[in-house]
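Next comes start.csv, a file with CSV, C-alpha atoms and all ligand atoms.
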```csv
chain,number,residue,atom,x,y,z
A,1,MET,CA,-93.6,-183.1,86.1
A,2,LEU,CA,-95.2,-179.9,84.6
A,3,THR,CA,-96.0,-180.3,80.9
A,4,PHE,CA,-97.3,-177.7,78.5
A,5,ASP,CA,-99.7,-178.6,75.7
A,6,GLU,CA,-99.1,-177.3,72.2
A,7,PRO,CA,-100.7,-173.9,72.1
A,8,THR,CA,-103.9,-174.3,70.1
A,9,VAL,CA,-104.1,-171.0,68.2
A,10,PRO,CA,-107.2,-171.1,65.9
A,11,ARG,CA,-105.9,-171.5,62.3
A,12,VAL,CA,-107.9,-168.4,61.2
A,13,TRP,CA,-105.6,-166.2,63.4
A,14,THR,CA,-102.4,-167.3,61.7
A,15,PRO,CA,-101.6,-166.0,58.3
A,16,GLN,CA,-100.7,-168.8,55.9
A,17,PRO,CA,-98.0,-168.1,53.3
A,18,PHE,CA,-99.1,-168.0,49.7
A,19,ARG,CA,-96.8,-167.2,46.8
A,20,VAL,CA,-97.8,-164.9,44.0
A,21,ALA,CA,-97.9,-167.2,40.9
A,22,GLU,CA,-99.2,-164.7,38.4
A,23,ARG,CA,-100.0,-160.9,38.4
A,24,ARG,CA,-102.5,-159.7,35.8
A,25,PRO,CA,-103.3,-156.0,35.5
A,26,GLU,CA,-107.1,-155.5,35.0
A,27,THR,CA,-107.2,-151.7,34.8
A,28,ALA,CA,-104.9,-148.8,35.7
A,29,ASP,CA,-105.4,-149.3,39.4
A,30,THR,CA,-106.6,-152.9,39.8
A,31,VAL,CA,-104.7,-156.2,39.5
A,32,THR,CA,-105.7,-159.9,39.9
A,33,LEU,CA,-103.1,-162.0,41.7
A,34,ARG,CA,-103.1,-165.8,41.5
A,35,LEU,CA,-101.8,-167.2,44.8
A,36,GLN,CA,-100.4,-170.7,45.5
A,37,PRO,CA,-100.2,-172.1,49.0
A,38,LEU,CA,-96.7,-172.8,50.4
A,39,ASP,CA,-98.3,-174.8,53.2
A,40,ALA,CA,-99.5,-178.2,51.8
A,41,SER,CA,-102.8,-178.0,53.6
A,42,GLY,CA,-103.8,-174.8,51.7
A,43,MET,CA,-107.2,-173.3,52.4
A,44,THR,CA,-110.7,-174.2,51.6
A,45,ILE,CA,-112.8,-171.2,50.8
A,46,GLU,CA,-116.2,-170.7,49.2
A,47,PRO,CA,-117.4,-168.0,46.7
A,48,GLY,CA,-118.4,-164.9,48.6
A,49,GLN,CA,-116.1,-165.4,51.6
A,50,PHE,CA,-113.1,-163.2,52.1
A,51,LEU,CA,-109.5,-163.4,53.3
A,52,MET,CA,-107.5,-161.1,55.6
A,53,VAL,CA,-104.4,-160.4,53.4
A,54,TYR,CA,-101.3,-159.6,55.4
A,55,LEU,CA,-98.1,-157.9,54.2
A,56,LEU,CA,-95.3,-158.0,56.7
A,57,GLY,CA,-94.5,-154.5,58.0
A,58,ILE,CA,-97.3,-152.8,56.1
A,59,GLY,CA,-100.6,-154.1,57.3
A,60,GLU,CA,-103.6,-156.3,56.7
A,61,VAL,CA,-106.9,-155.7,54.8
A,62,PRO,CA,-110.0,-157.8,53.9
A,63,ILE,CA,-110.1,-158.9,50.3
A,64,SER,CA,-112.7,-161.2,48.7
A,65,VAL,CA,-111.7,-164.4,46.9
A,66,SER,CA,-112.2,-163.8,43.2
A,67,GLY,CA,-111.1,-167.2,41.9
A,68,ILE,CA,-110.9,-170.8,43.4
A,69,ASP,CA,-109.0,-173.4,41.4
A,70,ASP,CA,-109.1,-177.2,42.0
A,71,ASP,CA,-105.3,-177.2,42.7
A,72,GLY,CA,-105.7,-174.9,45.7
A,73,THR,CA,-104.7,-171.8,43.8
A,74,LEU,CA,-106.7,-168.8,45.0
A,75,SER,CA,-107.2,-165.5,43.1
A,76,ILE,CA,-107.8,-162.0,44.5
A,77,THR,CA,-108.6,-158.8,42.6
A,78,VAL,CA,-107.4,-155.7,44.4
A,79,ARG,CA,-108.0,-152.0,43.7
A,80,ALA,CA,-105.2,-149.8,44.9
A,81,VAL,CA,-106.8,-147.2,47.2
A,82,GLY,CA,-104.4,-146.8,50.1
A,83,ALA,CA,-101.1,-148.1,51.6
A,84,VAL,CA,-101.9,-151.8,52.0
A,85,SER,CA,-104.0,-152.3,48.8
A,86,ARG,CA,-101.2,-150.4,46.8
A,87,ALA,CA,-98.6,-152.7,48.3
A,88,ILE,CA,-100.7,-155.8,47.4
A,89,CYS,CA,-101.2,-154.6,43.9
A,90,ALA,CA,-97.4,-154.0,43.5
A,91,SER,CA,-96.6,-157.6,44.5
A,92,THR,CA,-94.8,-159.4,41.8
A,93,PRO,CA,-94.6,-163.2,41.0
A,94,GLY,CA,-92.5,-164.9,43.6
A,95,SER,CA,-93.4,-162.6,46.5
A,96,VAL,CA,-95.1,-164.1,49.5
A,97,LEU,CA,-98.3,-162.8,51.1
A,98,GLY,CA,-100.0,-164.0,54.3
A,99,LEU,CA,-103.6,-165.1,54.1
A,100,ARG,CA,-106.0,-165.6,57.1
A,101,GLY,CA,-109.3,-167.2,56.5
A,102,PRO,CA,-111.7,-168.3,55.3
A,103,CYS,CA,-113.7,-165.4,56.8
A,104,GLY,CA,-117.4,-164.6,56.6
A,105,THR,CA,-120.4,-166.1,54.9
A,106,ALA,CA,-120.6,-167.5,51.4
A,107,TRP,CA,-123.1,-166.9,48.6
A,108,PRO,CA,-125.8,-169.5,49.2
A,109,ILE,CA,-125.4,-170.9,45.6
A,110,VAL,CA,-127.4,-174.1,46.4
A,111,GLU,CA,-130.6,-172.1,46.7
A,112,ALA,CA,-130.3,-171.2,43.1
A,113,ARG,CA,-130.5,-174.8,41.9
A,114,GLY,CA,-133.4,-175.2,39.4
A,115,ARG,CA,-133.8,-171.4,39.2
A,116,HIS,CA,-132.5,-168.4,37.2
A,117,VAL,CA,-129.4,-166.8,38.6
A,118,LEU,CA,-129.2,-163.0,38.4
A,119,VAL,CA,-125.9,-161.4,39.2
A,120,VAL,CA,-125.8,-157.6,39.8
A,121,ALA,CA,-122.3,-156.1,40.2
A,122,GLY,CA,-120.8,-152.6,40.4
A,123,GLY,CA,-117.1,-151.8,40.1
A,124,ILE,CA,-114.8,-154.0,42.1
A,125,GLY,CA,-118.0,-155.8,43.4
A,126,LEU,CA,-117.7,-158.1,40.4
A,127,ALA,CA,-114.6,-159.7,42.1
A,128,PRO,CA,-116.5,-161.7,44.8
A,129,LEU,CA,-119.2,-162.6,42.2
A,130,ARG,CA,-116.7,-164.1,39.7
A,131,PRO,CA,-116.3,-167.5,41.5
A,132,LEU,CA,-120.1,-167.7,41.8
A,133,ILE,CA,-120.5,-167.0,38.0
A,134,ARG,CA,-117.9,-169.6,37.2
A,135,ALA,CA,-119.6,-172.2,39.5
A,136,VAL,CA,-123.0,-171.6,37.9
A,137,LEU,CA,-121.5,-171.9,34.4
A,138,ASP,CA,-119.6,-175.1,35.4
A,139,ALA,CA,-122.8,-176.6,36.9
A,140,GLY,CA,-124.2,-177.1,33.4
A,141,GLY,CA,-128.0,-177.5,33.5
A,142,ALA,CA,-128.4,-177.1,37.3
A,143,HIS,CA,-129.9,-173.7,36.8
A,144,THR,CA,-132.5,-172.4,34.3
A,145,GLY,CA,-130.2,-169.6,33.2
A,146,LEU,CA,-127.7,-166.9,34.2
A,147,THR,CA,-127.9,-163.1,33.7
A,148,VAL,CA,-125.0,-160.8,34.6
A,149,LEU,CA,-125.7,-157.1,35.0
A,150,TYR,CA,-122.4,-155.2,35.5
A,151,GLY,CA,-121.5,-151.5,35.7
A,152,ALA,CA,-118.2,-149.6,35.9
A,153,ARG,CA,-117.3,-145.9,36.1
A,154,THR,CA,-115.7,-145.8,32.6
A,155,PRO,CA,-114.9,-148.4,29.8
A,156,ALA,CA,-111.3,-148.3,31.1
A,157,ASP,CA,-112.5,-149.5,34.5
A,158,LEU,CA,-114.1,-152.8,33.3
A,159,LEU,CA,-112.7,-155.9,35.0
A,160,TYR,CA,-112.2,-159.3,33.4
A,161,ARG,CA,-112.8,-158.1,29.8
A,162,ASP,CA,-111.9,-161.5,28.2
A,163,GLU,CA,-114.1,-163.4,30.6
A,164,LEU,CA,-117.1,-161.0,30.1
A,165,THR,CA,-116.9,-162.0,26.4
A,166,ARG,CA,-116.7,-165.7,27.3
A,167,TRP,CA,-119.5,-165.5,29.8
A,168,ALA,CA,-121.7,-163.9,27.2
A,169,GLU,CA,-121.5,-167.1,25.1
A,170,ALA,CA,-123.5,-169.0,27.8
A,171,ALA,CA,-125.2,-166.2,29.7
A,172,ARG,CA,-127.0,-162.9,29.2
A,173,VAL,CA,-124.4,-160.3,30.0
A,174,ALA,CA,-125.3,-156.6,30.0
A,175,VAL,CA,-122.6,-154.0,30.8
A,176,THR,CA,-123.0,-150.3,31.4
A,177,VAL,CA,-120.7,-147.4,32.2
A,178,ASP,CA,-121.3,-144.2,34.1
A,179,ARG,CA,-119.3,-142.2,31.6
A,180,ALA,CA,-118.6,-143.3,28.0
A,181,ASP,CA,-115.6,-142.5,25.8
A,182,SER,CA,-115.5,-142.2,22.1
A,183,SER,CA,-114.8,-145.9,21.7
A,184,TRP,CA,-117.8,-147.1,23.8
A,185,ARG,CA,-120.7,-148.5,21.8
A,186,GLY,CA,-122.5,-150.1,24.8
A,187,GLN,CA,-125.0,-148.8,27.4
A,188,VAL,CA,-124.4,-145.6,29.5
A,189,GLY,CA,-126.1,-145.2,32.9
A,190,VAL,CA,-126.1,-146.7,36.3
A,191,VAL,CA,-126.6,-150.4,37.1
A,192,PRO,CA,-130.1,-150.1,38.6
A,193,LYS,CA,-131.3,-149.0,35.1
A,194,LEU,CA,-130.3,-152.4,33.7
A,195,ILE,CA,-132.8,-154.1,36.0
A,196,ALA,CA,-135.7,-152.9,33.8
A,197,THR,CA,-134.1,-154.7,30.8
A,198,ALA,CA,-133.6,-158.0,32.7
A,199,ASP,CA,-136.0,-160.8,31.8
A,200,VAL,CA,-136.9,-161.8,35.4
A,201,ASP,CA,-139.4,-164.4,36.6
A,202,PRO,CA,-139.9,-163.2,40.2
A,203,ALA,CA,-140.9,-166.7,41.5
A,204,ALA,CA,-137.9,-168.5,39.9
A,205,THR,CA,-134.9,-166.2,40.3
A,206,ARG,CA,-132.2,-165.8,42.9
A,207,VAL,CA,-130.2,-162.6,43.0
A,208,TYR,CA,-126.6,-162.1,44.1
A,209,MET,CA,-125.4,-158.5,44.3
A,210,CYS,CA,-122.2,-156.6,45.2
A,211,GLY,CA,-121.1,-153.0,44.7
A,212,PRO,CA,-121.6,-149.6,46.2
A,213,GLU,CA,-124.4,-149.6,48.8
A,214,ILE,CA,-126.6,-147.0,46.9
A,215,MET,CA,-126.4,-149.2,43.8
A,216,MET,CA,-127.4,-152.3,45.8
A,217,ARG,CA,-130.3,-150.6,47.5
A,218,LEU,CA,-131.7,-149.1,44.3
A,219,SER,CA,-131.3,-152.4,42.4
A,220,ALA,CA,-132.9,-154.3,45.2
A,221,GLU,CA,-135.8,-151.9,45.3
A,222,ALA,CA,-136.3,-152.1,41.5
A,223,LEU,CA,-136.3,-155.9,41.8
A,224,ILE,CA,-138.8,-155.9,44.6
A,225,ALA,CA,-141.0,-153.5,42.6
A,226,ARG,CA,-140.9,-156.2,39.9
A,227,GLY,CA,-142.2,-158.8,42.3
A,228,LEU,CA,-139.1,-160.4,43.8
A,229,SER,CA,-139.1,-161.3,47.5
A,230,SER,CA,-136.4,-159.6,49.5
A,231,ASP,CA,-135.5,-163.2,50.7
A,232,ALA,CA,-134.5,-164.0,47.1
A,233,ILE,CA,-131.9,-161.3,47.0
A,234,TYR,CA,-128.4,-161.6,48.6
A,235,VAL,CA,-126.0,-158.7,49.0
A,236,SER,CA,-122.4,-158.5,50.1
A,237,MET,CA,-121.5,-155.6,52.4
A,238,GLU,CA,-118.2,-153.8,53.2
A,239,ARG,CA,-117.1,-152.5,56.5
A,240,HIS,CA,-113.8,-151.5,58.1
A,241,MET,CA,-112.3,-154.6,59.6
A,242,GLU,CA,-109.6,-155.5,62.1
A,243,CYS,CA,-109.9,-159.0,63.4
A,244,GLY,CA,-112.1,-160.5,60.7
A,245,VAL,CA,-113.5,-163.2,63.0
A,246,GLY,CA,-116.1,-161.4,65.2
A,247,TRP,CA,-113.9,-160.4,68.2
A,248,CYS,CA,-113.1,-156.7,68.0
A,249,GLY,CA,-116.5,-155.1,67.0
A,250,HIS,CA,-115.0,-152.7,64.3
A,251,CYS,CA,-117.3,-154.0,61.6
A,252,GLN,CA,-120.6,-153.6,63.5
A,253,LEU,CA,-123.7,-153.0,61.4
A,254,GLY,CA,-126.7,-152.6,63.6
A,255,PRO,CA,-127.0,-155.8,65.6
A,256,THR,CA,-124.7,-157.7,63.3
A,257,LEU,CA,-120.9,-158.0,62.8
A,258,VAL,CA,-120.2,-157.9,59.0
A,259,CYS,CA,-117.1,-160.1,59.3
A,260,ARG,CA,-119.0,-162.9,61.1
A,261,ASP,CA,-122.7,-162.6,60.0
A,262,GLY,CA,-121.8,-161.2,56.5
A,263,PRO,CA,-120.4,-160.1,54.2
A,264,VAL,CA,-123.2,-161.9,52.4
A,265,TYR,CA,-126.7,-161.2,53.9
A,266,PRO,CA,-130.2,-161.8,52.7
A,267,TYR,CA,-131.6,-158.4,51.7
A,268,SER,CA,-134.6,-159.0,54.0
A,269,ARG,CA,-132.1,-158.7,56.9
A,270,LEU,CA,-130.3,-155.6,55.6
A,271,ALA,CA,-133.1,-153.5,54.2
A,272,PRO,CA,-134.1,-152.0,57.6
A,273,LEU,CA,-130.4,-151.2,58.4
A,274,MET,CA,-129.9,-149.6,55.0
A,275,GLU,CA,-132.9,-147.3,55.6
A,276,VAL,CA,-131.5,-146.0,58.8
A,277,ARG,CA,-129.0,-143.7,56.9
A,278,GLU,CA,-127.6,-143.4,53.5
A,279,LEU,CA,-124.9,-146.1,53.6
B,1,LIG,C1,-115.5,-158.2,53.1
B,1,LIG,C2,-114.7,-157.2,52.3
B,1,LIG,C3,-114.2,-157.6,51.0
B,1,LIG,C4,-113.5,-156.8,50.2
B,1,LIG,N1,-113.0,-157.3,49.0
B,1,LIG,C5,-112.3,-156.5,48.3
B,1,LIG,C6,-111.8,-156.9,47.0
B,1,LIG,O1,-112.1,-158.1,46.6
B,1,LIG,N2,-111.0,-156.1,46.3
B,1,LIG,C7,-110.7,-154.8,46.7
B,1,LIG,O2,-109.9,-154.1,46.0
B,1,LIG,N3,-111.1,-154.4,47.9
B,1,LIG,C8,-111.9,-155.2,48.7
B,1,LIG,N4,-112.3,-154.7,49.9
B,1,LIG,C9,-112.0,-153.3,50.3
B,1,LIG,C10,-110.6,-153.3,50.8
B,1,LIG,O3,-110.6,-154.0,52.1
B,1,LIG,C11,-110.1,-151.9,51.0
B,1,LIG,O4,-109.9,-151.3,49.8
B,1,LIG,C12,-108.8,-151.8,51.8
B,1,LIG,O5,-109.1,-152.2,53.1
B,1,LIG,C13,-108.2,-150.4,51.8
B,1,LIG,O6,-107.1,-150.5,52.6
B,1,LIG,P1,-105.8,-149.6,52.4
B,1,LIG,O7,-105.0,-149.6,53.6
B,1,LIG,O8,-105.2,-149.9,51.1
B,1,LIG,O9,-106.4,-148.1,52.2
B,1,LIG,P2,-106.8,-147.1,53.4
B,1,LIG,O10,-105.6,-146.4,53.8
B,1,LIG,O11,-107.6,-147.8,54.4
B,1,LIG,O12,-107.8,-146.2,52.6
B,1,LIG,C14,-107.2,-145.2,51.7
B,1,LIG,C15,-108.4,-144.4,51.1
B,1,LIG,O13,-109.2,-145.2,50.3
B,1,LIG,C16,-110.5,-145.1,50.7
B,1,LIG,N5,-111.0,-146.5,50.5
B,1,LIG,C17,-110.9,-147.5,51.4
B,1,LIG,N6,-111.5,-148.6,50.9
B,1,LIG,C18,-112.0,-148.2,49.7
B,1,LIG,C19,-112.7,-148.9,48.6
B,1,LIG,N7,-113.1,-150.2,48.7
B,1,LIG,N8,-113.0,-148.2,47.5
B,1,LIG,C20,-112.6,-146.9,47.4
B,1,LIG,N9,-112.0,-146.2,48.3
B,1,LIG,C21,-111.7,-146.9,49.4
B,1,LIG,C22,-110.5,-144.8,52.2
B,1,LIG,O14,-111.7,-144.1,52.5
B,1,LIG,C23,-109.3,-143.8,52.2
B,1,LIG,O15,-109.7,-142.5,51.7
B,1,LIG,C24,-113.1,-155.5,50.7
B,1,LIG,C25,-113.6,-155.1,51.9
B,1,LIG,C26,-114.3,-155.9,52.7
B,1,LIG,C27,-114.8,-155.4,54.0
B,2,LIG,S1,-113.6,-157.1,62.2
B,2,LIG,FE1,-113.5,-157.6,64.3
B,2,LIG,S2,-115.5,-158.1,64.8
B,2,LIG,FE2,-115.6,-157.9,62.7
```
Could you rewrite the structure in this file as structure tokens?
Ligand SMILES: Cc1cc2nc3c(=O)[nH]c(=O)nc-3n(C[C@H](O)[C@H](O)[C@H](O)COP(=O)(O)OP(=O)(O)OC[C@H]3O[C@@H](n4cnc5c(N)ncnc54)[C@H](O)[C@@H]3O)c2cc1C
Ligand code: FES
Amino acid sequence: MLTFDEPTVPRVWTPQPFRVAERRPETADTVTLRLQPLDASGMTIEPGQFLMVYLLGIGEVPISVSGIDDDGTLSITVRAVGAVSRAICASTPGSVLGLRGPCGTAWPIVEARGRHVLVVAGGIGLAPLRPLIRAVLDAGGAHTGLTVLYGARTPADLLYRDELTRWAEAARVAVTVDRADSSWRGQVGVVPKLIATADVDPAATRVYMCGPEIMMRLSAEALIARGLSSDAIYVSMERHMECGVGWCGHCQLGPTLVCRDGPVYPYSRLAPLMEVREL
């Protein structure tokens, strides 16, 4: 008798249903959604990795995980820039999204044990760094300290305002904006300018960075000029993605595929690729 085995479709190909448990507007164009798995097995994902977020009839886009709770609830923080991200941002509590993942590489947090953690973030780039910041704060004395340098376009574009205040109780947090308004009393200027203000011991620091590529390159160069090794700096890259698992080639960056070999790379690996053209 002819028998057919159960088709073994890798789990990462199949969107798993997650229900929107909470929708929190962060700014005029950005929301954070807390997502609870409908499937009991849920998903195990690490800070720095991303999800392919699927909306039936609209499309699928890569989005980083911005929060990981012990009960399996995941958070994503999404800026509405086009059809799919707008539809994700418009999702209300109770609606169901499909998540594929986990995709890509994670922040190598373990390397920061016993060292100072320096987080450098620009714009929506703070989202993938948020679970790393939380993990470092939760790890108590495992690190010698935490510094967060964060820049946004305007004060109205700042993400996680309440958390920034809470983080500042246990870490050094410096925030800058490109353009101030009349209410802003903080720093004005681009993120790389904050590097000069950071108290960095080059031999005992690990750096985790995400934001516009020009910001990451200038920040990395400023850190290297202060004596940091390019191996001590990790950056997260964005590319157009389709499959998210290294099959289609859409996300190629030089000899690497960002969805498989990234999005988190050591800067030592990316620096030659970033010099090829202004990315
Ligand atoms: C690994 C990875 C992680 C990501 N994590 C996040 C995340 O946590 N939160 C998040 O909001 N986005 C994240 N993105 C970006 C997100 O995938 C894109 O914003 C999304 O794919 C846009 O799709 P869309 O169909 O809504 O817009 P599209 O129709 O594709 O684009 C509409 C317009 O917006 C422009 N655009 C596209 N992406 C961006 C962008 N990121 N910023 C500004 N303009 C853009 C396009 O050039 C186009 O002009 C991530 C991307 C990658 C590769
Ligand atoms: S998105 Fe298909 S190979 Fe990376």
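Using all atoms listed in the file, the smallest distance between any of A:Val84, A:Thr73, A:Phe50, A:Arg34 and ligand LIG 2 (chain B) comes from A:Phe50.
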(message) Applying 10 Å and all atoms listed in the file, which residues near range 13-21 of chain A remain after dropping the ones on its own chain fewer than 3 positions away? List them as a PyMOL selection string.
(response) chain A and resi 9-10+33-39+41-43+51-55+73-75+91-101+243-245
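Distance-wise, CA of Arg172 in chain A and atom O2 of ligand LIG 1 (chain B) end up 25.5 Å apart.
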I want to know what sits within 12 Å of Ala142 in chain A, based on all atoms listed in the file, with residues of the same chain fewer than 4 positions away left out; could you give that as a PDB file with C-alpha atoms, keeping the file's coordinate frame?
```
ATOM      1  CA  ILE A 109    -125.400-170.900  45.600  1.00  0.00           C
ATOM      2  CA  VAL A 110    -127.400-174.100  46.400  1.00  0.00           C
ATOM      3  CA  GLU A 111    -130.600-172.100  46.700  1.00  0.00           C
ATOM      4  CA  ALA A 112    -130.300-171.200  43.100  1.00  0.00           C
ATOM      5  CA  ARG A 113    -130.500-174.800  41.900  1.00  0.00           C
ATOM      6  CA  GLY A 114    -133.400-175.200  39.400  1.00  0.00           C
ATOM      7  CA  ARG A 115    -133.800-171.400  39.200  1.00  0.00           C
ATOM      8  CA  HIS A 116    -132.500-168.400  37.200  1.00  0.00           C
ATOM      9  CA  VAL A 117    -129.400-166.800  38.600  1.00  0.00           C
ATOM     10  CA  ALA A 135    -119.600-172.200  39.500  1.00  0.00           C
ATOM     11  CA  VAL A 136    -123.000-171.600  37.900  1.00  0.00           C
ATOM     12  CA  LEU A 137    -121.500-171.900  34.400  1.00  0.00           C
ATOM     13  CA  ASP A 138    -119.600-175.100  35.400  1.00  0.00           C
ATOM     14  CA  LEU A 146    -127.700-166.900  34.200  1.00  0.00           C
TER      15      LEU A 146
END
```
Closest atom pairs, chain A residues within 6 Å of ligand LIG 1 (chain B), all atoms listed in the file, as a tab-separated table:
```
residue	atom	partner	partner_atom	distance
A:Phe50	CA	B:LIG1	C1	5.6
A:Val61	CA	B:LIG1	O5	4.5
A:Pro62	CA	B:LIG1	O3	4.2
A:Ile63	CA	B:LIG1	N1	3.6
A:Ser64	CA	B:LIG1	O1	3.8
A:Thr77	CA	B:LIG1	N2	5.2
A:Val78	CA	B:LIG1	O2	3.4
A:Arg79	CA	B:LIG1	O2	3.6
A:Val81	CA	B:LIG1	O13	4.4
A:Gly82	CA	B:LIG1	O9	3.2
A:Ala83	CA	B:LIG1	O8	4.5
A:Val84	CA	B:LIG1	O8	3.9
A:Ser85	CA	B:LIG1	O8	3.5
A:Arg86	CA	B:LIG1	O8	5.9
A:Ala127	CA	B:LIG1	O1	5.4
A:Pro128	CA	B:LIG1	O1	6.0
A:Glu238	CA	B:LIG1	C27	3.8
A:Arg239	CA	B:LIG1	C27	4.5
A:His240	CA	B:LIG1	C27	5.7
A:Pro263	CA	B:LIG1	C1	5.4
```
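Between Val119 in chain A and the residues A:Gly104, A:Gly72, A:Gly57, A:Gly211, the shortest atom-to-atom distance, using only C-alpha atoms, involves A:Gly211.
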(request) May I ask you to write as an MDAnalysis selection string all residues lying at most 6 Å from ligand LIG 2 (chain B), with all atoms listed in the file counted? (result) chainID A and resid 241:251 257:259
For range 164-178 of chain A, supply N, CA, C and O atoms and report the output as a compact mmCIF listing (two decimals), in the frame of the given file.
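After the write, part_32.txt holds the following:
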```
# COMPACT_ATOMS: atom_id res chain seq x y z
N LEU A 164 -115.74 -161.58 30.37
CA LEU A 164 -117.10 -161.00 30.10
C LEU A 164 -117.53 -161.54 28.72
O LEU A 164 -118.68 -161.95 28.53
N THR A 165 -116.60 -161.54 27.76
CA THR A 165 -116.90 -162.00 26.40
C THR A 165 -117.25 -163.50 26.44
O THR A 165 -118.21 -163.95 25.81
N ARG A 166 -116.45 -164.28 27.19
CA ARG A 166 -116.70 -165.70 27.30
C ARG A 166 -118.02 -166.04 27.96
O ARG A 166 -118.78 -166.89 27.53
N TRP A 167 -118.27 -165.30 29.08
CA TRP A 167 -119.50 -165.50 29.80
C TRP A 167 -120.72 -165.29 28.90
O TRP A 167 -121.75 -165.98 29.00
N ALA A 168 -120.59 -164.29 28.01
CA ALA A 168 -121.70 -163.90 27.20
C ALA A 168 -122.09 -165.02 26.17
O ALA A 168 -123.17 -165.00 25.58
N GLU A 169 -121.19 -166.01 25.99
CA GLU A 169 -121.50 -167.10 25.10
C GLU A 169 -122.55 -168.06 25.77
O GLU A 169 -123.29 -168.77 25.09
N ALA A 170 -122.57 -168.09 27.11
CA ALA A 170 -123.50 -169.00 27.80
C ALA A 170 -124.50 -168.30 28.68
O ALA A 170 -125.37 -168.94 29.25
N ALA A 171 -124.36 -166.99 28.82
CA ALA A 171 -125.20 -166.20 29.70
C ALA A 171 -125.64 -164.94 29.07
O ALA A 171 -125.04 -164.54 28.06
N ARG A 172 -126.65 -164.29 29.65
CA ARG A 172 -127.00 -162.90 29.20
C ARG A 172 -126.12 -161.96 29.98
O ARG A 172 -126.21 -161.93 31.21
N VAL A 173 -125.25 -161.20 29.32
CA VAL A 173 -124.40 -160.30 30.00
C VAL A 173 -124.68 -158.86 29.50
O VAL A 173 -124.61 -158.60 28.30
N ALA A 174 -125.05 -157.96 30.42
CA ALA A 174 -125.30 -156.60 30.00
C ALA A 174 -124.35 -155.68 30.84
O ALA A 174 -124.26 -155.80 32.07
N VAL A 175 -123.62 -154.84 30.12
CA VAL A 175 -122.60 -154.00 30.80
C VAL A 175 -122.96 -152.53 30.51
O VAL A 175 -123.37 -152.16 29.40
N THR A 176 -122.81 -151.72 31.55
CA THR A 176 -123.00 -150.30 31.40
C THR A 176 -121.90 -149.51 32.03
O THR A 176 -121.20 -150.04 32.91
N VAL A 177 -121.68 -148.29 31.59
CA VAL A 177 -120.70 -147.40 32.20
C VAL A 177 -121.32 -146.10 32.60
O VAL A 177 -122.27 -145.66 31.96
N ASP A 178 -120.78 -145.48 33.66
CA ASP A 178 -121.30 -144.20 34.10
C ASP A 178 -120.97 -143.11 33.05
O ASP A 178 -121.78 -142.24 32.75
```
